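Undergrad: Mind having a look at this structure? Questions to follow.
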Amino acid sequence: MPRSIRASGWGHSMAETYGRELRRAGADANSPVRRLVLLLRRYPLGAAGAFILTVFVLAAIFADAITWLDPLRTNAPEKLMVPGGKHWFGSDVMGRDIYSRIVFGARISLAVSLGATTLGSVLGVAVGLASGYLGGTFDLCVQRVMDVLQALPLLVLALVTSAALGPSLTNTVIAIAIPMIPASARVIRSNTLALREAAFIEAAQVQGMSEWRIAIRHILPNTVAPLIVLATAQLGSAILTEASLSFLGLGIPEPAPSWGRMLSESAAEYMRTAPWLVIFPGAAISLMVFGTNLLGDALRDILDPRQRG
Amino acid sequence: MAMKQLGLGGLSLALALVGSVAGAQTPKSGGTLKIYQRDSPASASIHEEATFSNNVPFMGIFNNLVIFDQHIAQNSPDTIRPELADSWAWGDGGKTLTFKLHPGVKWHDGKPFTANDVKCTIDLLQGKLADKFRKNPRKSWYDNVQAVVPNGDLEVAFKLDRPQPSLLSMLASGYSPIYPCHVSTAKMRTSPIGTGPFKFVEFKQNEDIKLVRNPDYWRQGRPYLDAIEFPIITNRATAMLAFMSGKVDITMPTEVTQAIRRDIMKQAPKSVCMTAPTNVGLNLIVNRNKPPFDNADLRRAMALTIDRKAFIDILFEGEADMGGALLPQPEGIWGMPKDMLATLPGYSPDVAASRTAAKALMAKTGYGPDKHLAIKVSTRNLATYRDPAVILLDQLKEIYIDAELDVVETSVWFGKIDRKDYTVGMNLTGNAVDDPDQSFYENYACGSERNVTGYCSPELQKQFDAQSQETDMAKRKQMVWSIDAQLQNDVARPTIVYGRAATCWAPDVHGYTAMTNTSYNGYRFEDMWLDR
Amino acid sequence: MSGYLLRRVGLMLLTLFGISIIIFVLLRLVPGNMVDILFDSAGMVDPAEKTRIAAELGLDKSIPEQYLVWMNGLVHGDLGYSYVSEKPTIEEILPRIPVTGRLALSAIGFAVLLGVPFGVISAVRQNSGVDYGLRVLSLAGLSIPSFWLGLMVLMAFSALTGRLPVYTEAPATVLDAVLLVAVPAMTVGFRSSALIMRLTRSAMLEVLRQDYVRTARAKGAGAGRVNFHHALRNALLPVITVIGLETAFLIGGLIVTETVFNIPGLARFLVESIRNRDYPIVQNLVMLTAFIVVSINFAVDLLYAALDPRIRLGA
């Protein structure tokens, strides 16, 4: 492989990276199960992160099966119940079950964070590919727009955007996705620039492949690894941003059980008399983000050995 | 009289009043009183705003012509006292109201107060001057005032189109300060000038409001306090902690919920807490000009499914009352008797029976278990609006109405309501004065700006005017009850409940009386003192 | 060098210009408007009054016209009037700067004090139990939303001490004054300290592997002295990097923390102003934020070049 690619640090395909990584771990690369076990053993923290996320994903999918109370059902006689008994995590001021709300809240948190990260990455990839591949004035203009988006703190831009769009699930996804575009666009762009010079791309060009086909068939797959690392990191900040927006009253509206929303106003009001209203939603946010961070760290180690600590 | 909950366990109401009214002990002068303020008022101009977030910090700057006695908990026409006016008299068959003004009163900037200032204030409210209020929410209070005519510096007459005994009550409200002629409305919004016991010092948005004693106050020996500070603390739990740890002397009036009251009694057991109605009604605004609720049966079905007890228990832990258009008895003066109330749709204690009737009405219009009615319930993005809306959603399910919550930002809410772009809305309406004119003309009269539903019944309009002119109180009550019942039967704007809330103060705070039928009128603060 | 500087300053200005357009357009996209917010507390009023206010505030002009008015003001140092308080924007913003500045600086100070030593320890004891423990802790630090941490700290504080690190008045004692800044600063700085720790750790690891450290060791310098004397100097870079990277995050943290602790600073003011659709305040605050972020990044680049000869400007 040409030196220029290696220098860029992202030149290896995912399969190649995997293979090398596994060989280093002493795996016989034949059995997929064995491979997985070895990976998990080599990266116990990453495995823990994957486990935490899996639990949340399963909870979100099977929310109906693992809860017994409607998260939206108000119940006067059972307001502000202490955790225990029927209400594992207690109940809120309207008698709604906190456990159910946390479980169903996982759906919202995952939907928003996955939605925003995917949307941000897809747009970022498109922009980055176009920018890196087309170059010239187009690239210059796009870079300036990215500068603009990056000069504003994620939360500030998301705050203004969600105020502009109004509170709803879709709008929250958009508000969080937009500030995420520059990061993935930049990664894709620099890789595209490096790869453009690569021998196999030249070969493809010589063979008469169209520019777009080259971009999609050859360049994109070679940038998947850094993109995954980035997306995992962004997943965590998307969860946190959604929680912050909802906490500030601009994210997901009631009565949807958003964790951030559960922590706002009324919970803060009862933090002395009913601390469980504050403890559980916050713990859920922290745990989920912790999971993505653990997983993200491990993925970075696997896919981007250059940054290995 | 008022049913009150007293912080100090079993003490009687009488004792509480003695404890709270100045006079039980000799008042001491001096000291700075700290009252926490729940939010940043939009401006300092009382006439331009319609929330008690304005009255609490700014009422002390001003005087009215007349004022409800600050130490009688229940405002009524009988408790109106002289303030800038030493006396008043009705003449011309109830069509002229003449005030004799107190001599020697000065504005905070030293200029003399005269009858012309009274005229200016009312002219401003009626939009007759070149300088205009940005907002004028209580313009309708003065619809019946033809002209204000000064007679020299110390006498002023209100000429009315028709007799209106309630005008005096409205003039006695905290919402009716007299403004100076010589100060622009813009200045009144940012650094107001009044004749009152306290002078304005500063208002820092989201930080604090400060008032200082007016040394030249026309009432001798008042006020007792050197200064009042209102630190703005938006998080209620934080604010209450500040009270418990002694950083503020008194909570913002009516901001203490029952759960917090219990916490306060545990943490700071010597505090005095009073629970009283706020005269803020939770109500549904129903769009009767658009399907589905242009159908009277569906409106009635919705009214029937409301379980008011559940609202009372969930939102207020039992501390709330069912009522119609006017605050219920005994704190309310004009509320319907309980047995009359129980005959209205949705007020019966037998909720199951009401819901059966509601389901029958739904079936009549073609809705049932197999065919649900889908609607949106709009509400503002504020906890006090959202929480009851969530409960309503739950109750509507019982009669096959699948409602979705449409949470609307404040910036959009009024425009949306104005365009009638809603089906049902959860709304809060505060009544400054416990008075039928105020309630009927503001909320139900044809063409009134604050009548957000656009409800208009020419027949009732006539009855509004008839009761308004009635001087016999007992007769007027009968008329008011009948109107109220018609409004509820017509599902004009079903009132759900009137909440109660508590106010707590440190044991060394004296001279404060928590009002029981208003949360807008009791903040002159000139008799308050600290026992330190 | 000066050519590079000029180019960078030019780019900064271009970026700020872009931000001004984006923010302006976004704010004008907001459904409903300022006038309705002003009317919020007054309830329903006469539509004629609304039109009059819109005209008074210049909101009846076309959007490009409004933009030009704003830009023209900015160039002449006139930031306009807050719609809500009717005070000059500058009078609303200036007094809040020290409040937020103090909090932000204390947060960074706290983050450095906590992050650097732990980062060094973690690197020196690479792959030990201590290292693992610290790494997990730092990841936890990156995972806890600062508003939740703030609420928990408040809860613990009031339960344990009965004190309350919340702005309600001028602090009475020195301890109060310190607590008022320190507690929220720790809440905000916790995240940054985790990041600093991680970066310090990897920078240290790299340095420890390098020749001159080995040489120093070979010369017989004590391990502890080598670690801290030679290596710590290199930890300066990660700290600077973090400050560059974290400015944006820090501002996010300040927004929620000022809300939780009732601190009358700029960040909370921004949220309130967004809610109030107080355009002059929001526009100028966002511009200020962007200006801070852009200049800090610029300063970090310059510092980097000054500290690390391996990096050339303009590369």
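Ligands are numbered from 1 in the order shown, chains are lettered A, B, ... in the order of the structure tokens, and residues start at 1 in each chain.
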Select, as number ranges by chain, those residues of chain A with any atom no more than 7 Å from chain C (distances computed using only C-alpha atoms).

TA: A: 144, 147-148, 151-153, 155-156, 161, 163-165, 240, 271-272, 282, 286, 289-290, 293, 309

Undergrad: If you take only C-alpha atoms and a cut-off of 12 Å, which residues of chain A touch chain B, and what are their nearest atom pairs and distances in Å to one decimal, in chain and number order, as a tab-separated table?

TA:
residue	atom	partner	partner_atom	distance
A:Asp70	CA	B:Asp394	CA	10.9
A:Pro71	CA	B:Asp394	CA	11.5
A:Leu72	CA	B:Val390	CA	8.0
A:Arg73	CA	B:Asp394	CA	6.6
A:Thr74	CA	B:Ile391	CA	6.3
A:Asn75	CA	B:Ile314	CA	7.6
A:Ala76	CA	B:Ile314	CA	4.9
A:Pro77	CA	B:Asp313	CA	7.7
A:Glu78	CA	B:Ile314	CA	9.0
A:Lys79	CA	B:Ile314	CA	6.9
A:Leu80	CA	B:Ala259	CA	9.6
A:Asp92	CA	B:Ile314	CA	10.2
A:Val93	CA	B:Ile314	CA	7.1
A:Met94	CA	B:Ile314	CA	5.7
A:Gly95	CA	B:Ile314	CA	7.6
A:Arg96	CA	B:Ile391	CA	10.5
A:Ser162	CA	B:Glu409	CA	11.4
A:Ala163	CA	B:Glu409	CA	9.0
A:Ala164	CA	B:Ser411	CA	10.7
A:Leu165	CA	B:Glu409	CA	10.8
A:Gly166	CA	B:Glu409	CA	7.5
A:Pro167	CA	B:Val407	CA	7.8
A:Ser168	CA	B:Val407	CA	9.0
A:Ser246	CA	B:Asn381	CA	11.6
A:Leu248	CA	B:Asn381	CA	11.3
A:Gly249	CA	B:Asn381	CA	7.8
A:Leu250	CA	B:Glu409	CA	9.1
A:Gly251	CA	B:Asn381	CA	11.0
A:Ile252	CA	B:Val407	CA	9.8
A:Pro253	CA	B:Val407	CA	6.4
A:Glu254	CA	B:Val407	CA	7.2
A:Pro255	CA	B:Val390	CA	6.6
A:Ala256	CA	B:Leu405	CA	9.6
A:Pro257	CA	B:Val390	CA	12.0
A:Arg261	CA	B:Ala383	CA	10.9
A:Met262	CA	B:Ala383	CA	11.5
A:Ser264	CA	B:Ala383	CA	9.6
A:Glu265	CA	B:Ala383	CA	7.2
A:Ser266	CA	B:Ala383	CA	7.2
A:Ala267	CA	B:Ala237	CA	9.1
A:Ala268	CA	B:Ala237	CA	6.2
A:Glu269	CA	B:Ala237	CA	4.4
A:Tyr270	CA	B:Ala237	CA	6.5
A:Met271	CA	B:Ala237	CA	6.9
A:Arg272	CA	B:Ala237	CA	7.4
A:Thr273	CA	B:Asp263	CA	6.8
A:Ala274	CA	B:Ala259	CA	9.4
A:Pro275	CA	B:Ala237	CA	11.4

Undergrad: Using only C-alpha atoms, what table do you get, as CSV, when you list each residue of chain B with an atom no more than 8 Å from chain C, its nearest pair of atoms, and their distance in Å rounded to one decimal, rows by chain then rising number?

TA:
residue,atom,partner,partner_atom,distance
B:Ala42,CA,C:Val84,CA,6.3
B:Ser43,CA,C:Ser85,CA,6.7
B:Glu48,CA,C:Ala42,CA,6.7
B:Glu49,CA,C:Ala42,CA,4.6
B:Ala50,CA,C:Ala42,CA,4.4
B:Thr51,CA,C:Ser41,CA,5.8
B:Arg134,CA,C:Ile53,CA,6.5
B:Lys135,CA,C:Glu49,CA,6.8
B:Asn136,CA,C:Val45,CA,6.7
B:Pro137,CA,C:Ala42,CA,5.4
B:Thr190,CA,C:Ser85,CA,6.8
B:Gln205,CA,C:Ser85,CA,7.4
B:Asn206,CA,C:Pro264,CA,6.5
B:Glu207,CA,C:Pro264,CA,5.8
B:Pro231,CA,C:Thr168,CA,5.7
B:Ile232,CA,C:Thr168,CA,7.5
B:Ile233,CA,C:Asn262,CA,6.4
B:Thr234,CA,C:Asn262,CA,7.2
B:Asn235,CA,C:Asn262,CA,7.5
B:Thr238,CA,C:Val166,CA,7.5
B:Leu241,CA,C:Leu164,CA,7.3
B:Ala242,CA,C:Leu164,CA,7.2
B:Ser245,CA,C:Gly162,CA,6.8
B:Lys247,CA,C:Thr168,CA,7.3
B:Thr410,CA,C:Ile37,CA,6.1
B:Ser411,CA,C:Ile37,CA,4.9
B:Val412,CA,C:Gly32,CA,4.4
B:Trp413,CA,C:Gly32,CA,7.9
B:Phe414,CA,C:Asp36,CA,6.3
B:Gly415,CA,C:Gly32,CA,6.8
B:Glu449,CA,C:Val45,CA,5.2
B:Arg450,CA,C:Met44,CA,4.7
B:Asn451,CA,C:Met44,CA,7.7
B:Val452,CA,C:Met44,CA,6.9

Undergrad: Find the residues around Pro98 (chain C) up to 12 Å (only C-alpha atoms counted), leave out those fewer than 2 positions away in its own chain, and share them as an mmCIF file with C-alpha atoms, in the first residue's frame.

TA:
data_model
loop_
_atom_site.group_PDB
_atom_site.id
_atom_site.type_symbol
_atom_site.label_atom_id
_atom_site.label_comp_id
_atom_site.auth_asym_id
_atom_site.auth_seq_id
_atom_site.Cartn_x
_atom_site.Cartn_y
_atom_site.Cartn_z
ATOM 1 C CA ILE C 93 -24.447 41.374 28.805
ATOM 2 C CA LEU C 94 -21.477 43.145 30.399
ATOM 3 C CA PRO C 95 -22.321 42.650 34.092
ATOM 4 C CA ARG C 96 -22.860 38.940 33.491
ATOM 5 C CA THR C 100 -19.650 33.299 33.972
ATOM 6 C CA GLY C 101 -15.953 34.017 33.464
ATOM 7 C CA ARG C 102 -15.175 33.280 37.091
ATOM 8 C CA LEU C 103 -17.137 30.042 36.942
ATOM 9 C CA ALA C 104 -15.503 28.929 33.697
ATOM 10 C CA LEU C 105 -11.973 29.688 34.893
ATOM 11 C CA SER C 106 -12.546 27.947 38.223
ATOM 12 C CA VAL C 181 -18.135 29.328 43.012
ATOM 13 C CA ILE C 263 -26.284 31.558 38.801
ATOM 14 C CA PRO C 264 -27.082 34.858 37.115
ATOM 15 C CA GLY C 265 -24.524 34.430 34.347
ATOM 16 C CA LEU C 266 -24.410 34.680 30.601
ATOM 17 C CA ALA C 267 -25.130 31.039 29.849
#

Undergrad: Env of Trp334 (chain B): 8 Å cut, atoms = only C-alpha atoms, seq-sep filter 2 positions within chain, self excluded. Answer as a list in words.

TA: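 The residues that qualify are Leu326, Leu327, Pro328, Gln329, Gly332, Met336, Asp434, Asp435, Pro436, Lys477, Val480 and Trp481 of chain B.
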
Undergrad: Could you take the residues named above and write them with N, CA, C and O atoms, as a PDB file, in the first residue's frame?

TA:
ATOM      1  N   LEU B 326     -66.986  31.285  39.098  1.00  0.00           N
ATOM      2  CA  LEU B 326     -66.501  32.109  40.209  1.00  0.00           C
ATOM      3  C   LEU B 326     -66.023  31.236  41.362  1.00  0.00           C
ATOM      4  O   LEU B 326     -66.514  30.125  41.571  1.00  0.00           O
ATOM      5  N   LEU B 327     -65.070  31.771  42.098  1.00  0.00           N
ATOM      6  CA  LEU B 327     -64.438  31.020  43.188  1.00  0.00           C
ATOM      7  C   LEU B 327     -65.494  30.480  44.163  1.00  0.00           C
ATOM      8  O   LEU B 327     -66.353  31.219  44.629  1.00  0.00           O
ATOM      9  N   PRO B 328     -65.444  29.185  44.454  1.00  0.00           N
ATOM     10  CA  PRO B 328     -66.458  28.570  45.326  1.00  0.00           C
ATOM     11  C   PRO B 328     -66.429  29.112  46.753  1.00  0.00           C
ATOM     12  O   PRO B 328     -65.423  29.626  47.221  1.00  0.00           O
ATOM     13  N   GLN B 329     -67.561  28.969  47.419  1.00  0.00           N
ATOM     14  CA  GLN B 329     -67.665  29.338  48.829  1.00  0.00           C
ATOM     15  C   GLN B 329     -66.842  28.346  49.661  1.00  0.00           C
ATOM     16  O   GLN B 329     -66.558  27.264  49.197  1.00  0.00           O
ATOM     17  N   GLY B 332     -64.753  32.122  48.465  1.00  0.00           N
ATOM     18  CA  GLY B 332     -65.313  32.931  47.388  1.00  0.00           C
ATOM     19  C   GLY B 332     -66.621  33.549  47.816  1.00  0.00           C
ATOM     20  O   GLY B 332     -67.383  32.955  48.587  1.00  0.00           O
ATOM     21  N   MET B 336     -71.388  29.342  43.617  1.00  0.00           N
ATOM     22  CA  MET B 336     -72.693  28.700  43.799  1.00  0.00           C
ATOM     23  C   MET B 336     -72.697  27.834  45.057  1.00  0.00           C
ATOM     24  O   MET B 336     -71.669  27.307  45.442  1.00  0.00           O
ATOM     25  N   ASP B 434     -62.316  39.016  43.186  1.00  0.00           N
ATOM     26  CA  ASP B 434     -63.398  38.040  43.297  1.00  0.00           C
ATOM     27  C   ASP B 434     -64.694  38.787  43.026  1.00  0.00           C
ATOM     28  O   ASP B 434     -65.369  39.246  43.946  1.00  0.00           O
ATOM     29  N   ASP B 435     -64.996  38.931  41.757  1.00  0.00           N
ATOM     30  CA  ASP B 435     -66.107  39.793  41.358  1.00  0.00           C
ATOM     31  C   ASP B 435     -66.687  39.312  40.044  1.00  0.00           C
ATOM     32  O   ASP B 435     -65.957  38.993  39.118  1.00  0.00           O
ATOM     33  N   PRO B 436     -68.027  39.261  39.955  1.00  0.00           N
ATOM     34  CA  PRO B 436     -68.647  38.728  38.729  1.00  0.00           C
ATOM     35  C   PRO B 436     -68.362  39.572  37.489  1.00  0.00           C
ATOM     36  O   PRO B 436     -68.174  39.020  36.405  1.00  0.00           O
ATOM     37  N   LYS B 477     -76.408  37.996  43.826  1.00  0.00           N
ATOM     38  CA  LYS B 477     -75.846  36.652  43.942  1.00  0.00           C
ATOM     39  C   LYS B 477     -76.699  35.629  43.194  1.00  0.00           C
ATOM     40  O   LYS B 477     -76.170  34.784  42.468  1.00  0.00           O
ATOM     41  N   VAL B 480     -76.093  35.924  39.588  1.00  0.00           N
ATOM     42  CA  VAL B 480     -74.759  35.426  39.225  1.00  0.00           C
ATOM     43  C   VAL B 480     -74.750  33.899  39.192  1.00  0.00           C
ATOM     44  O   VAL B 480     -74.214  33.288  38.264  1.00  0.00           O
ATOM     45  N   TRP B 481     -75.379  33.272  40.177  1.00  0.00           N
ATOM     46  CA  TRP B 481     -75.424  31.796  40.213  1.00  0.00           C
ATOM     47  C   TRP B 481     -76.106  31.241  38.975  1.00  0.00           C
ATOM     48  O   TRP B 481     -75.664  30.255  38.387  1.00  0.00           O
TER      49      TRP B 481
END

Undergrad: Any idea what's packed within 6 Å of region 98-113 of chain A, counting only C-alpha atoms, ignoring anything in its chain fewer than 2 positions away? Could you give it as a list in words?

TA: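 Near neighbours after the sequence-gap exclusion: Ala60, Ala63, Thr67, Pro71, Phe89, Gly90, Ser91, Gly115, Ala116, Thr117, Val173, Leu235, Ala238, Ile239, Pro257, Ser258 and Trp259 of chain A.
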
Undergrad: Emit the selected residues as a PDB file, in the first residue's frame, including C-alpha atoms.

TA:
ATOM      1  CA  ALA A  60     -36.241  -0.516  24.477  1.00  0.00           C
ATOM      2  CA  ALA A  63     -40.403  -2.435  26.781  1.00  0.00           C
ATOM      3  CA  THR A  67     -43.030  -3.476  32.334  1.00  0.00           C
ATOM      4  CA  PRO A  71     -45.762   4.863  31.559  1.00  0.00           C
ATOM      5  CA  PHE A  89     -38.203   2.985  41.115  1.00  0.00           C
ATOM      6  CA  GLY A  90     -41.092   4.785  42.801  1.00  0.00           C
ATOM      7  CA  SER A  91     -43.713   6.962  41.154  1.00  0.00           C
ATOM      8  CA  GLY A 115     -31.415   8.976  14.570  1.00  0.00           C
ATOM      9  CA  ALA A 116     -29.309  12.074  15.086  1.00  0.00           C
ATOM     10  CA  THR A 117     -26.002  10.228  14.710  1.00  0.00           C
ATOM     11  CA  VAL A 173     -33.171  14.642  15.988  1.00  0.00           C
ATOM     12  CA  LEU A 235     -23.780   8.673  20.005  1.00  0.00           C
ATOM     13  CA  ALA A 238     -26.239  12.919  21.214  1.00  0.00           C
ATOM     14  CA  ILE A 239     -27.736  11.203  24.257  1.00  0.00           C
ATOM     15  CA  PRO A 257     -41.029   9.785  29.037  1.00  0.00           C
ATOM     16  CA  SER A 258     -37.758  11.437  28.012  1.00  0.00           C
ATOM     17  CA  TRP A 259     -35.101  11.013  30.686  1.00  0.00           C
TER      18      TRP A 259
END

Undergrad: I'd like to know which of C:Asn72, C:Asp278, C:Val9, C:Leu245 is closest to Gln150 (chain A), using only C-alpha atoms.

TA: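 Counting only C-alpha atoms, the residue closest to Gln150 (chain A) is C:Leu245.
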
Undergrad: Kindly give the distance, in Å, that separates CA of Ser131 (chain A) and CA of Ser184 (chain A), rounded to a single decimal.

TA: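 It comes out at 12.0 Å.
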